[in-house]
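**Student:** The structure under discussion is supplied below as structure tokens; questions concerning it will follow.
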Amino acid sequence: MSDKKPVLELRKVDKSFGPIDVLHEISLKVREGEVLCLLGDNGAGKSTLIKTLAGVHKPTRGEILMDGEPITFSGPREAQGRGIATVHQFGGTYPLMSVGRNFFMGMEPTKGFGPFRVFDREKANRIAVEEVQKMGITRITDGDRLVGGLSGGERQSLAIARAVYFGARVLILDEPTAALGVKQATHVLRIVNEAKRRGLAVVFITHQVMHALAVGDHFAVLIRGAIAADFRKGEKSREEITDLMAGGEDMASLEAQLETYMDDHEGHPPQLSTS
Ligand SMILES: Nc1ncnc2c1ncn2[C@@H]1O[C@H](COP(=O)(O)OP(=O)(O)O)[C@@H](O)[C@H]1O
Ligand SMILES: [Mg+2]
């Protein structure tokens, strides 16, 4: 068990869309200074679950607690105001805007007074670059640079650094590494660890077992909208987690068979017969 404080807690939460039951009796704690990895196949209900945490959906039954108090979010804005930040793939950044602009997005620092008040570009750029660098992304050095020229991992990192700077307490990441290569994914994983080190509660959705193992303290596997397994780091092996993610199929042994086959056939996978 962990002695870290739960920031958010779901108690027996169900979510249905009309006649479609998507989530069933989800009970889960999201603790500060920890990464909760949410695992599960496509359609398992992961996005619905985090949208419920982020105030986009209201539970059909059950309750949400924040800092131990029951809470009902009127919508995502209220959840954001309470420090729940969601970062989607590509970070929700604007490619045609600069790093500095993207970092502040409507909260830009200004200089001058009254009608002479203008966007303080230098200050915005300086803070943006400093904050991104503090999170360990040293390749971003110019706040005027357009975000469109950054890699996917850098954009994610920018969005995460922004959420941290503006006081997020819960950081929700929906498959942030899914579209990234190994090196870029490593950047994002590093920044996830940094957010955790700063005491944020992180909810991290991924399909990649290795990514989950690299950052996760706590794991929850969702199968058809219900929590099929809930365990802490070190309690299950990589093979067991792979099997759980595949819905209980013996994927680890299938993977091993495939590897053996490919070793014996100069790295080629088995060919399916087309006749
Ligand atoms: N707004 C909605 N209305 C009806 N069904 C939905 C809605 N959102 C999600 N679902 C259904 O809920 C199930 C889980 O979807 P989702 O949460 O996106 O899964 P995941 O993110 O794990 O792939 C799917 O069968 C999906 O069709
Ligand atoms: Mg999803």
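Identifiers in the structure tokens: chain A, B, ... in order shown; residue index from 1 per chain; ligand index from 1 in order shown.
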For Met107 of chain A, please output as a list in words all residues within 12 Å (counting only C-alpha atoms; exclusion window: fewer than 3 positions along the same chain).

**Tutor:** Gly100, Arg101, Asn102, Phe103, Phe104, Thr110, Phe119, Asp120, Ala124, Arg162, Tyr165 and Phe166 of chain A

**Student:** Which residues come within 6 Å of His24 of chain A, counting only C-alpha atoms, excluding same-chain residues fewer than 4 positions away, as a VMD selection string?

**Tutor:** chain A and resid 14 225 to 226

**Student:** Report as a PyMOL selection string which protein, DNA and RNA residues come within 8 Å of ligand 1, using only C-alpha atoms and all ligand atoms.

**Tutor:** chain A and resi 16-18+20-23+40-49+222+224-225

**Student:** For the residues in the current selection, export N, CA and C atoms as a PDB file, in the first residue's frame.

**Tutor:**
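Written file, part-v4.pdb:
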ATOM      1  N   SER A  16     -22.783   5.316 -18.228  1.00  0.00           N
ATOM      2  CA  SER A  16     -23.525   4.799 -19.374  1.00  0.00           C
ATOM      3  C   SER A  16     -23.830   5.951 -20.309  1.00  0.00           C
ATOM      4  N   PHE A  17     -23.858   5.645 -21.596  1.00  0.00           N
ATOM      5  CA  PHE A  17     -24.353   6.607 -22.582  1.00  0.00           C
ATOM      6  C   PHE A  17     -25.671   6.028 -23.072  1.00  0.00           C
ATOM      7  N   GLY A  18     -26.780   6.559 -22.603  1.00  0.00           N
ATOM      8  CA  GLY A  18     -28.074   5.957 -22.935  1.00  0.00           C
ATOM      9  C   GLY A  18     -28.056   4.503 -22.509  1.00  0.00           C
ATOM     10  N   ILE A  20     -26.005   2.245 -23.407  1.00  0.00           N
ATOM     11  CA  ILE A  20     -24.677   1.614 -23.490  1.00  0.00           C
ATOM     12  C   ILE A  20     -23.912   1.803 -22.179  1.00  0.00           C
ATOM     13  N   ASP A  21     -23.675   0.703 -21.483  1.00  0.00           N
ATOM     14  CA  ASP A  21     -22.903   0.775 -20.243  1.00  0.00           C
ATOM     15  C   ASP A  21     -21.431   0.684 -20.587  1.00  0.00           C
ATOM     16  N   VAL A  22     -20.675   1.736 -20.279  1.00  0.00           N
ATOM     17  CA  VAL A  22     -19.252   1.739 -20.630  1.00  0.00           C
ATOM     18  C   VAL A  22     -18.355   1.447 -19.424  1.00  0.00           C
ATOM     19  N   LEU A  23     -18.639   2.061 -18.288  1.00  0.00           N
ATOM     20  CA  LEU A  23     -17.815   1.813 -17.091  1.00  0.00           C
ATOM     21  C   LEU A  23     -18.668   1.148 -16.003  1.00  0.00           C
ATOM     22  N   GLY A  40      -5.172  -1.194 -21.041  1.00  0.00           N
ATOM     23  CA  GLY A  40      -6.367  -1.865 -21.544  1.00  0.00           C
ATOM     24  C   GLY A  40      -6.459  -1.735 -23.043  1.00  0.00           C
ATOM     25  N   ASP A  41      -7.164  -2.671 -23.634  1.00  0.00           N
ATOM     26  CA  ASP A  41      -7.292  -2.745 -25.081  1.00  0.00           C
ATOM     27  C   ASP A  41      -8.149  -1.586 -25.610  1.00  0.00           C
ATOM     28  N   ASN A  42      -8.161  -1.421 -26.925  1.00  0.00           N
ATOM     29  CA  ASN A  42      -9.037  -0.425 -27.548  1.00  0.00           C
ATOM     30  C   ASN A  42     -10.479  -0.702 -27.174  1.00  0.00           C
ATOM     31  N   GLY A  43     -11.189   0.360 -26.820  1.00  0.00           N
ATOM     32  CA  GLY A  43     -12.607   0.200 -26.496  1.00  0.00           C
ATOM     33  C   GLY A  43     -12.863  -0.245 -25.069  1.00  0.00           C
ATOM     34  N   ALA A  44     -11.817  -0.396 -24.264  1.00  0.00           N
ATOM     35  CA  ALA A  44     -11.986  -0.871 -22.886  1.00  0.00           C
ATOM     36  C   ALA A  44     -12.639   0.182 -21.986  1.00  0.00           C
ATOM     37  N   GLY A  45     -12.549   1.452 -22.404  1.00  0.00           N
ATOM     38  CA  GLY A  45     -13.170   2.502 -21.594  1.00  0.00           C
ATOM     39  C   GLY A  45     -12.165   3.461 -20.948  1.00  0.00           C
ATOM     40  N   LYS A  46     -10.904   3.408 -21.392  1.00  0.00           N
ATOM     41  CA  LYS A  46      -9.861   4.246 -20.777  1.00  0.00           C
ATOM     42  C   LYS A  46     -10.154   5.736 -20.962  1.00  0.00           C
ATOM     43  N   SER A  47     -10.486   6.115 -22.209  1.00  0.00           N
ATOM     44  CA  SER A  47     -10.748   7.535 -22.460  1.00  0.00           C
ATOM     45  C   SER A  47     -11.993   7.998 -21.707  1.00  0.00           C
ATOM     46  N   THR A  48     -12.995   7.148 -21.661  1.00  0.00           N
ATOM     47  CA  THR A  48     -14.211   7.502 -20.921  1.00  0.00           C
ATOM     48  C   THR A  48     -13.877   7.706 -19.439  1.00  0.00           C
ATOM     49  N   LEU A  49     -13.017   6.849 -18.919  1.00  0.00           N
ATOM     50  CA  LEU A  49     -12.636   6.967 -17.509  1.00  0.00           C
ATOM     51  C   LEU A  49     -11.912   8.285 -17.228  1.00  0.00           C
ATOM     52  N   LEU A 222      -8.007  -2.166 -17.402  1.00  0.00           N
ATOM     53  CA  LEU A 222      -9.429  -2.058 -17.691  1.00  0.00           C
ATOM     54  C   LEU A 222      -9.786  -3.078 -18.769  1.00  0.00           C
ATOM     55  N   ARG A 224     -13.261  -4.346 -20.757  1.00  0.00           N
ATOM     56  CA  ARG A 224     -14.695  -4.097 -20.964  1.00  0.00           C
ATOM     57  C   ARG A 224     -15.301  -3.232 -19.855  1.00  0.00           C
ATOM     58  N   GLY A 225     -14.619  -2.148 -19.549  1.00  0.00           N
ATOM     59  CA  GLY A 225     -15.175  -1.156 -18.642  1.00  0.00           C
ATOM     60  C   GLY A 225     -15.079  -1.468 -17.157  1.00  0.00           C
TER      61      GLY A 225
END

**Student:** Counting only C-alpha atoms and all ligand atoms, which residue out of A:Thr177, A:Thr206, A:Gln271, A:Ser237 sits closest to ligand 2?

**Tutor:**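 Of A:Thr177, A:Thr206, A:Gln271, A:Ser237, the one nearest ligand 2 is A:Thr206, counting only C-alpha atoms and all ligand atoms.
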
**Student:** Please identify all polymer residues within 10 Å of segment 257-259 of chain A, counting only C-alpha atoms, omitting same-chain residues fewer than 6 positions from it, and present them as a list in words.

**Tutor:**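 Once the adjacent positions are removed, what remains is Met251, His265, Gly267, His268, Pro269 and Pro270 of chain A.
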
**Student:** From segment 10-223 of chain A, collect each residue whose DSSP state is helix (DSSP H, G or I) and return the set as a PDB file with N, CA and C atoms, in the first residue's frame.

**Tutor:**
ATOM      1  N   LYS A  46     -10.904   3.408 -21.392  1.00  0.00           N
ATOM      2  CA  LYS A  46      -9.861   4.246 -20.777  1.00  0.00           C
ATOM      3  C   LYS A  46     -10.154   5.736 -20.962  1.00  0.00           C
ATOM      4  N   SER A  47     -10.486   6.115 -22.209  1.00  0.00           N
ATOM      5  CA  SER A  47     -10.748   7.535 -22.460  1.00  0.00           C
ATOM      6  C   SER A  47     -11.993   7.998 -21.707  1.00  0.00           C
ATOM      7  N   THR A  48     -12.995   7.148 -21.661  1.00  0.00           N
ATOM      8  CA  THR A  48     -14.211   7.502 -20.921  1.00  0.00           C
ATOM      9  C   THR A  48     -13.877   7.706 -19.439  1.00  0.00           C
ATOM     10  N   LEU A  49     -13.017   6.849 -18.919  1.00  0.00           N
ATOM     11  CA  LEU A  49     -12.636   6.967 -17.509  1.00  0.00           C
ATOM     12  C   LEU A  49     -11.912   8.285 -17.228  1.00  0.00           C
ATOM     13  N   ILE A  50     -10.951   8.635 -18.076  1.00  0.00           N
ATOM     14  CA  ILE A  50     -10.235   9.882 -17.782  1.00  0.00           C
ATOM     15  C   ILE A  50     -11.104  11.106 -18.053  1.00  0.00           C
ATOM     16  N   LYS A  51     -12.027  10.988 -19.005  1.00  0.00           N
ATOM     17  CA  LYS A  51     -12.929  12.121 -19.228  1.00  0.00           C
ATOM     18  C   LYS A  51     -13.846  12.307 -18.026  1.00  0.00           C
ATOM     19  N   THR A  52     -14.149  11.220 -17.347  1.00  0.00           N
ATOM     20  CA  THR A  52     -14.963  11.318 -16.136  1.00  0.00           C
ATOM     21  C   THR A  52     -14.145  11.996 -15.035  1.00  0.00           C
ATOM     22  N   LEU A  53     -12.858  11.652 -14.962  1.00  0.00           N
ATOM     23  CA  LEU A  53     -11.978  12.303 -13.972  1.00  0.00           C
ATOM     24  C   LEU A  53     -11.808  13.790 -14.270  1.00  0.00           C
ATOM     25  N   PRO A  76     -15.519  20.470 -17.822  1.00  0.00           N
ATOM     26  CA  PRO A  76     -14.049  20.397 -17.844  1.00  0.00           C
ATOM     27  C   PRO A  76     -13.362  21.671 -17.350  1.00  0.00           C
ATOM     28  N   ARG A  77     -13.996  22.829 -17.553  1.00  0.00           N
ATOM     29  CA  ARG A  77     -13.379  24.081 -17.107  1.00  0.00           C
ATOM     30  C   ARG A  77     -13.216  24.098 -15.592  1.00  0.00           C
ATOM     31  N   GLU A  78     -14.260  23.629 -14.914  1.00  0.00           N
ATOM     32  CA  GLU A  78     -14.179  23.623 -13.455  1.00  0.00           C
ATOM     33  C   GLU A  78     -13.090  22.654 -12.990  1.00  0.00           C
ATOM     34  N   ALA A  79     -13.028  21.486 -13.644  1.00  0.00           N
ATOM     35  CA  ALA A  79     -11.989  20.516 -13.278  1.00  0.00           C
ATOM     36  C   ALA A  79     -10.605  21.123 -13.510  1.00  0.00           C
ATOM     37  N   GLN A  80     -10.457  21.818 -14.634  1.00  0.00           N
ATOM     38  CA  GLN A  80      -9.181  22.490 -14.929  1.00  0.00           C
ATOM     39  C   GLN A  80      -8.840  23.514 -13.860  1.00  0.00           C
ATOM     40  N   GLY A  81      -9.850  24.268 -13.475  1.00  0.00           N
ATOM     41  CA  GLY A  81      -9.664  25.279 -12.439  1.00  0.00           C
ATOM     42  C   GLY A  81      -9.231  24.671 -11.119  1.00  0.00           C
ATOM     43  N   GLN A  89      -2.548  13.570 -27.269  1.00  0.00           N
ATOM     44  CA  GLN A  89      -1.473  13.347 -28.240  1.00  0.00           C
ATOM     45  C   GLN A  89      -1.195  14.648 -28.972  1.00  0.00           C
ATOM     46  N   PHE A  90       0.045  14.920 -29.245  1.00  0.00           N
ATOM     47  CA  PHE A  90       0.506  16.155 -29.885  1.00  0.00           C
ATOM     48  C   PHE A  90       0.337  17.370 -28.967  1.00  0.00           C
ATOM     49  N   GLY A  91      -0.121  17.118 -27.746  1.00  0.00           N
ATOM     50  CA  GLY A  91      -0.082  18.157 -26.725  1.00  0.00           C
ATOM     51  C   GLY A  91      -1.085  19.278 -26.872  1.00  0.00           C
ATOM     52  N   GLY A  92      -1.976  19.210 -27.860  1.00  0.00           N
ATOM     53  CA  GLY A  92      -2.948  20.291 -28.028  1.00  0.00           C
ATOM     54  C   GLY A  92      -2.273  21.626 -28.286  1.00  0.00           C
ATOM     55  N   VAL A  99       6.722  28.984 -29.461  1.00  0.00           N
ATOM     56  CA  VAL A  99       6.843  28.268 -28.189  1.00  0.00           C
ATOM     57  C   VAL A  99       6.309  29.143 -27.046  1.00  0.00           C
ATOM     58  N   GLY A 100       6.708  30.417 -27.050  1.00  0.00           N
ATOM     59  CA  GLY A 100       6.282  31.330 -25.977  1.00  0.00           C
ATOM     60  C   GLY A 100       4.772  31.512 -25.952  1.00  0.00           C
ATOM     61  N   ARG A 101       4.172  31.718 -27.134  1.00  0.00           N
ATOM     62  CA  ARG A 101       2.721  31.886 -27.241  1.00  0.00           C
ATOM     63  C   ARG A 101       1.991  30.626 -26.808  1.00  0.00           C
ATOM     64  N   ASN A 102       2.486  29.477 -27.269  1.00  0.00           N
ATOM     65  CA  ASN A 102       1.859  28.212 -26.915  1.00  0.00           C
ATOM     66  C   ASN A 102       1.926  27.951 -25.416  1.00  0.00           C
ATOM     67  N   PHE A 103       3.010  28.393 -24.823  1.00  0.00           N
ATOM     68  CA  PHE A 103       3.175  28.136 -23.395  1.00  0.00           C
ATOM     69  C   PHE A 103       2.124  28.899 -22.598  1.00  0.00           C
ATOM     70  N   PHE A 104       1.836  30.125 -23.004  1.00  0.00           N
ATOM     71  CA  PHE A 104       0.918  30.957 -22.225  1.00  0.00           C
ATOM     72  C   PHE A 104      -0.528  30.878 -22.695  1.00  0.00           C
ATOM     73  N   GLY A 114      -2.697  50.347 -19.153  1.00  0.00           N
ATOM     74  CA  GLY A 114      -3.920  50.773 -19.818  1.00  0.00           C
ATOM     75  C   GLY A 114      -3.905  50.432 -21.293  1.00  0.00           C
ATOM     76  N   PRO A 115      -4.193  51.456 -22.157  1.00  0.00           N
ATOM     77  CA  PRO A 115      -4.292  51.184 -23.594  1.00  0.00           C
ATOM     78  C   PRO A 115      -2.939  50.825 -24.212  1.00  0.00           C
ATOM     79  N   PHE A 116      -1.869  51.023 -23.461  1.00  0.00           N
ATOM     80  CA  PHE A 116      -0.531  50.726 -24.014  1.00  0.00           C
ATOM     81  C   PHE A 116      -0.037  49.340 -23.617  1.00  0.00           C
ATOM     82  N   ARG A 121       6.624  39.774 -25.114  1.00  0.00           N
ATOM     83  CA  ARG A 121       7.139  38.607 -25.821  1.00  0.00           C
ATOM     84  C   ARG A 121       8.412  38.058 -25.180  1.00  0.00           C
ATOM     85  N   GLU A 122       9.303  38.984 -24.817  1.00  0.00           N
ATOM     86  CA  GLU A 122      10.573  38.531 -24.240  1.00  0.00           C
ATOM     87  C   GLU A 122      10.368  37.751 -22.958  1.00  0.00           C
ATOM     88  N   LYS A 123       9.483  38.288 -22.124  1.00  0.00           N
ATOM     89  CA  LYS A 123       9.244  37.625 -20.840  1.00  0.00           C
ATOM     90  C   LYS A 123       8.592  36.257 -21.066  1.00  0.00           C
ATOM     91  N   ALA A 124       7.591  36.230 -21.971  1.00  0.00           N
ATOM     92  CA  ALA A 124       6.897  34.969 -22.257  1.00  0.00           C
ATOM     93  C   ALA A 124       7.902  33.936 -22.759  1.00  0.00           C
ATOM     94  N   ASN A 125       8.753  34.354 -23.692  1.00  0.00           N
ATOM     95  CA  ASN A 125       9.730  33.425 -24.257  1.00  0.00           C
ATOM     96  C   ASN A 125      10.710  32.936 -23.200  1.00  0.00           C
ATOM     97  N   ARG A 126      11.165  33.883 -22.376  1.00  0.00           N
ATOM     98  CA  ARG A 126      12.150  33.502 -21.357  1.00  0.00           C
ATOM     99  C   ARG A 126      11.557  32.472 -20.393  1.00  0.00           C
ATOM    100  N   ILE A 127      10.344  32.747 -19.904  1.00  0.00           N
ATOM    101  CA  ILE A 127       9.729  31.812 -18.948  1.00  0.00           C
ATOM    102  C   ILE A 127       9.475  30.456 -19.611  1.00  0.00           C
ATOM    103  N   ALA A 128       8.928  30.493 -20.842  1.00  0.00           N
ATOM    104  CA  ALA A 128       8.616  29.233 -21.534  1.00  0.00           C
ATOM    105  C   ALA A 128       9.871  28.382 -21.679  1.00  0.00           C
ATOM    106  N   VAL A 129      10.953  28.995 -22.160  1.00  0.00           N
ATOM    107  CA  VAL A 129      12.182  28.227 -22.388  1.00  0.00           C
ATOM    108  C   VAL A 129      12.740  27.715 -21.057  1.00  0.00           C
ATOM    109  N   GLU A 130      12.735  28.580 -20.039  1.00  0.00           N
ATOM    110  CA  GLU A 130      13.233  28.154 -18.717  1.00  0.00           C
ATOM    111  C   GLU A 130      12.456  26.962 -18.184  1.00  0.00           C
ATOM    112  N   GLU A 131      11.130  27.052 -18.283  1.00  0.00           N
ATOM    113  CA  GLU A 131      10.299  25.998 -17.698  1.00  0.00           C
ATOM    114  C   GLU A 131      10.455  24.675 -18.444  1.00  0.00           C
ATOM    115  N   VAL A 132      10.537  24.762 -19.771  1.00  0.00           N
ATOM    116  CA  VAL A 132      10.694  23.535 -20.551  1.00  0.00           C
ATOM    117  C   VAL A 132      12.062  22.914 -20.245  1.00  0.00           C
ATOM    118  N   GLN A 133      13.060  23.769 -20.113  1.00  0.00           N
ATOM    119  CA  GLN A 133      14.403  23.255 -19.808  1.00  0.00           C
ATOM    120  C   GLN A 133      14.465  22.630 -18.418  1.00  0.00           C
ATOM    121  N   LYS A 134      13.747  23.269 -17.481  1.00  0.00           N
ATOM    122  CA  LYS A 134      13.713  22.720 -16.114  1.00  0.00           C
ATOM    123  C   LYS A 134      13.131  21.318 -16.091  1.00  0.00           C
ATOM    124  N   VAL A 147       6.023  26.186 -33.062  1.00  0.00           N
ATOM    125  CA  VAL A 147       5.829  24.855 -32.504  1.00  0.00           C
ATOM    126  C   VAL A 147       5.736  23.790 -33.606  1.00  0.00           C
ATOM    127  N   GLY A 148       5.263  24.211 -34.795  1.00  0.00           N
ATOM    128  CA  GLY A 148       5.181  23.273 -35.916  1.00  0.00           C
ATOM    129  C   GLY A 148       6.517  22.629 -36.259  1.00  0.00           C
ATOM    130  N   GLY A 149       7.614  23.293 -35.909  1.00  0.00           N
ATOM    131  CA  GLY A 149       8.932  22.744 -36.206  1.00  0.00           C
ATOM    132  C   GLY A 149       9.466  21.816 -35.122  1.00  0.00           C
ATOM    133  N   GLY A 152       7.116  15.621 -32.122  1.00  0.00           N
ATOM    134  CA  GLY A 152       5.938  15.255 -31.335  1.00  0.00           C
ATOM    135  C   GLY A 152       6.251  15.195 -29.841  1.00  0.00           C
ATOM    136  N   GLY A 153       7.403  14.652 -29.518  1.00  0.00           N
ATOM    137  CA  GLY A 153       7.793  14.524 -28.110  1.00  0.00           C
ATOM    138  C   GLY A 153       8.028  15.886 -27.478  1.00  0.00           C
ATOM    139  N   GLU A 154       8.626  16.797 -28.253  1.00  0.00           N
ATOM    140  CA  GLU A 154       8.870  18.145 -27.729  1.00  0.00           C
ATOM    141  C   GLU A 154       7.563  18.895 -27.494  1.00  0.00           C
ATOM    142  N   ARG A 155       6.608  18.671 -28.399  1.00  0.00           N
ATOM    143  CA  ARG A 155       5.306  19.326 -28.218  1.00  0.00           C
ATOM    144  C   ARG A 155       4.598  18.830 -26.962  1.00  0.00           C
ATOM    145  N   GLN A 156       4.663  17.522 -26.760  1.00  0.00           N
ATOM    146  CA  GLN A 156       4.084  16.934 -25.543  1.00  0.00           C
ATOM    147  C   GLN A 156       4.735  17.545 -24.326  1.00  0.00           C
ATOM    148  N   SER A 157       6.066  17.642 -24.397  1.00  0.00           N
ATOM    149  CA  SER A 157       6.837  18.136 -23.260  1.00  0.00           C
ATOM    150  C   SER A 157       6.464  19.573 -22.954  1.00  0.00           C
ATOM    151  N   LEU A 158       6.281  20.364 -24.010  1.00  0.00           N
ATOM    152  CA  LEU A 158       5.882  21.759 -23.852  1.00  0.00           C
ATOM    153  C   LEU A 158       4.527  21.836 -23.142  1.00  0.00           C
ATOM    154  N   ALA A 159       3.597  21.006 -23.587  1.00  0.00           N
ATOM    155  CA  ALA A 159       2.254  21.021 -22.995  1.00  0.00           C
ATOM    156  C   ALA A 159       2.293  20.580 -21.526  1.00  0.00           C
ATOM    157  N   ILE A 160       3.141  19.620 -21.224  1.00  0.00           N
ATOM    158  CA  ILE A 160       3.230  19.141 -19.840  1.00  0.00           C
ATOM    159  C   ILE A 160       3.874  20.219 -18.960  1.00  0.00           C
ATOM    160  N   ALA A 161       4.944  20.840 -19.490  1.00  0.00           N
ATOM    161  CA  ALA A 161       5.626  21.894 -18.729  1.00  0.00           C
ATOM    162  C   ALA A 161       4.654  23.043 -18.443  1.00  0.00           C
ATOM    163  N   ARG A 162       3.823  23.368 -19.419  1.00  0.00           N
ATOM    164  CA  ARG A 162       2.834  24.427 -19.251  1.00  0.00           C
ATOM    165  C   ARG A 162       1.841  24.071 -18.134  1.00  0.00           C
ATOM    166  N   ALA A 163       1.339  22.832 -18.168  1.00  0.00           N
ATOM    167  CA  ALA A 163       0.379  22.409 -17.139  1.00  0.00           C
ATOM    168  C   ALA A 163       1.011  22.486 -15.750  1.00  0.00           C
ATOM    169  N   VAL A 164       2.263  22.063 -15.653  1.00  0.00           N
ATOM    170  CA  VAL A 164       2.958  22.088 -14.360  1.00  0.00           C
ATOM    171  C   VAL A 164       3.132  23.529 -13.887  1.00  0.00           C
ATOM    172  N   TYR A 165       3.542  24.410 -14.808  1.00  0.00           N
ATOM    173  CA  TYR A 165       3.784  25.812 -14.478  1.00  0.00           C
ATOM    174  C   TYR A 165       2.508  26.490 -13.973  1.00  0.00           C
ATOM    175  N   VAL A 182      11.216   5.816 -30.353  1.00  0.00           N
ATOM    176  CA  VAL A 182      11.804   5.467 -29.058  1.00  0.00           C
ATOM    177  C   VAL A 182      12.408   6.681 -28.354  1.00  0.00           C
ATOM    178  N   LYS A 183      13.160   7.482 -29.121  1.00  0.00           N
ATOM    179  CA  LYS A 183      13.878   8.588 -28.506  1.00  0.00           C
ATOM    180  C   LYS A 183      12.915   9.656 -27.980  1.00  0.00           C
ATOM    181  N   GLN A 184      11.907   9.964 -28.814  1.00  0.00           N
ATOM    182  CA  GLN A 184      10.908  10.955 -28.429  1.00  0.00           C
ATOM    183  C   GLN A 184      10.101  10.464 -27.233  1.00  0.00           C
ATOM    184  N   ALA A 185       9.755   9.193 -27.255  1.00  0.00           N
ATOM    185  CA  ALA A 185       8.982   8.624 -26.148  1.00  0.00           C
ATOM    186  C   ALA A 185       9.789   8.728 -24.860  1.00  0.00           C
ATOM    187  N   THR A 186      11.106   8.540 -24.977  1.00  0.00           N
ATOM    188  CA  THR A 186      11.968   8.631 -23.799  1.00  0.00           C
ATOM    189  C   THR A 186      11.912  10.029 -23.185  1.00  0.00           C
ATOM    190  N   HIS A 187      11.885  11.069 -24.044  1.00  0.00           N
ATOM    191  CA  HIS A 187      11.736  12.447 -23.553  1.00  0.00           C
ATOM    192  C   HIS A 187      10.469  12.579 -22.722  1.00  0.00           C
ATOM    193  N   VAL A 188       9.379  12.073 -23.284  1.00  0.00           N
ATOM    194  CA  VAL A 188       8.086  12.224 -22.618  1.00  0.00           C
ATOM    195  C   VAL A 188       8.076  11.444 -21.301  1.00  0.00           C
ATOM    196  N   LEU A 189       8.654  10.261 -21.314  1.00  0.00           N
ATOM    197  CA  LEU A 189       8.692   9.461 -20.081  1.00  0.00           C
ATOM    198  C   LEU A 189       9.524  10.173 -19.011  1.00  0.00           C
ATOM    199  N   ARG A 190      10.591  10.825 -19.457  1.00  0.00           N
ATOM    200  CA  ARG A 190      11.439  11.539 -18.506  1.00  0.00           C
ATOM    201  C   ARG A 190      10.661  12.693 -17.864  1.00  0.00           C
ATOM    202  N   ILE A 191       9.902  13.375 -18.690  1.00  0.00           N
ATOM    203  CA  ILE A 191       9.142  14.506 -18.190  1.00  0.00           C
ATOM    204  C   ILE A 191       7.992  14.050 -17.273  1.00  0.00           C
ATOM    205  N   VAL A 192       7.454  12.888 -17.557  1.00  0.00           N
ATOM    206  CA  VAL A 192       6.425  12.314 -16.677  1.00  0.00           C
ATOM    207  C   VAL A 192       7.042  12.050 -15.297  1.00  0.00           C
ATOM    208  N   ASN A 193       8.245  11.500 -15.294  1.00  0.00           N
ATOM    209  CA  ASN A 193       8.925  11.255 -14.027  1.00  0.00           C
ATOM    210  C   ASN A 193       9.215  12.549 -13.285  1.00  0.00           C
ATOM    211  N   GLU A 194       9.535  13.597 -14.046  1.00  0.00           N
ATOM    212  CA  GLU A 194       9.835  14.888 -13.425  1.00  0.00           C
ATOM    213  C   GLU A 194       8.565  15.477 -12.790  1.00  0.00           C
ATOM    214  N   ALA A 195       7.437  15.354 -13.500  1.00  0.00           N
ATOM    215  CA  ALA A 195       6.164  15.848 -12.960  1.00  0.00           C
ATOM    216  C   ALA A 195       5.838  15.111 -11.660  1.00  0.00           C
ATOM    217  N   LYS A 196       6.083  13.825 -11.643  1.00  0.00           N
ATOM    218  CA  LYS A 196       5.833  13.021 -10.448  1.00  0.00           C
ATOM    219  C   LYS A 196       6.756  13.459  -9.304  1.00  0.00           C
ATOM    220  N   ARG A 197       8.016  13.714  -9.651  1.00  0.00           N
ATOM    221  CA  ARG A 197       8.979  14.138  -8.636  1.00  0.00           C
ATOM    222  C   ARG A 197       8.542  15.456  -7.986  1.00  0.00           C
ATOM    223  N   VAL A 209       3.751  -1.750 -22.835  1.00  0.00           N
ATOM    224  CA  VAL A 209       4.081  -2.261 -21.501  1.00  0.00           C
ATOM    225  C   VAL A 209       5.396  -1.668 -21.001  1.00  0.00           C
ATOM    226  N   MET A 210       6.371  -1.535 -21.905  1.00  0.00           N
ATOM    227  CA  MET A 210       7.664  -1.017 -21.477  1.00  0.00           C
ATOM    228  C   MET A 210       7.550   0.422 -20.989  1.00  0.00           C
ATOM    229  N   HIS A 211       6.707   1.216 -21.653  1.00  0.00           N
ATOM    230  CA  HIS A 211       6.521   2.596 -21.230  1.00  0.00           C
ATOM    231  C   HIS A 211       5.845   2.641 -19.861  1.00  0.00           C
ATOM    232  N   ALA A 212       4.879   1.771 -19.684  1.00  0.00           N
ATOM    233  CA  ALA A 212       4.184   1.707 -18.389  1.00  0.00           C
ATOM    234  C   ALA A 212       5.179   1.335 -17.292  1.00  0.00           C
ATOM    235  N   LEU A 213       6.002   0.342 -17.566  1.00  0.00           N
ATOM    236  CA  LEU A 213       6.952  -0.113 -16.546  1.00  0.00           C
ATOM    237  C   LEU A 213       7.993   0.949 -16.235  1.00  0.00           C
ATOM    238  N   ALA A 214       8.304   1.787 -17.233  1.00  0.00           N
ATOM    239  CA  ALA A 214       9.339   2.806 -17.037  1.00  0.00           C
ATOM    240  C   ALA A 214       8.909   3.893 -16.059  1.00  0.00           C
ATOM    241  N   VAL A 215       7.618   4.147 -15.948  1.00  0.00           N
ATOM    242  CA  VAL A 215       7.186   5.267 -15.103  1.00  0.00           C
ATOM    243  C   VAL A 215       6.169   4.893 -14.021  1.00  0.00           C
TER     244      VAL A 215
END

**Student:** Where in segment 44-191 of chain A does DSSP assign strand (DSSP E or B), given as a PyMOL selection string?

**Tutor:** chain A and resi 61-66+69-71+84-87+98+110-111+118-119+146+170-174

**Student:** With distances taken over only C-alpha atoms, which of A:Gly55, A:Leu39, A:Glu25, A:Ala179 is nearest to Thr86 of chain A?

**Tutor:**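 Of A:Gly55, A:Leu39, A:Glu25, A:Ala179, the one nearest Thr86 of chain A is A:Gly55, counting only C-alpha atoms.
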
**Student:** Check the smallest atom-to-atom distance from each of A:Arg145, A:Lys12, A:Arg198, A:His207 to Asp174 of chain A using only C-alpha atoms, then report the winner.

**Tutor:**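 Checking each candidate against Asp174 of chain A, we get A:His207 as the closest.
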
**Student:** Ranking A:Phe73, A:Phe204, A:Tyr94, A:Phe113 by minimum distance to ligand 2 and counting only C-alpha atoms and all ligand atoms, which one comes first?

**Tutor:**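 Under the stated criterion, the closest residue is A:Phe204.
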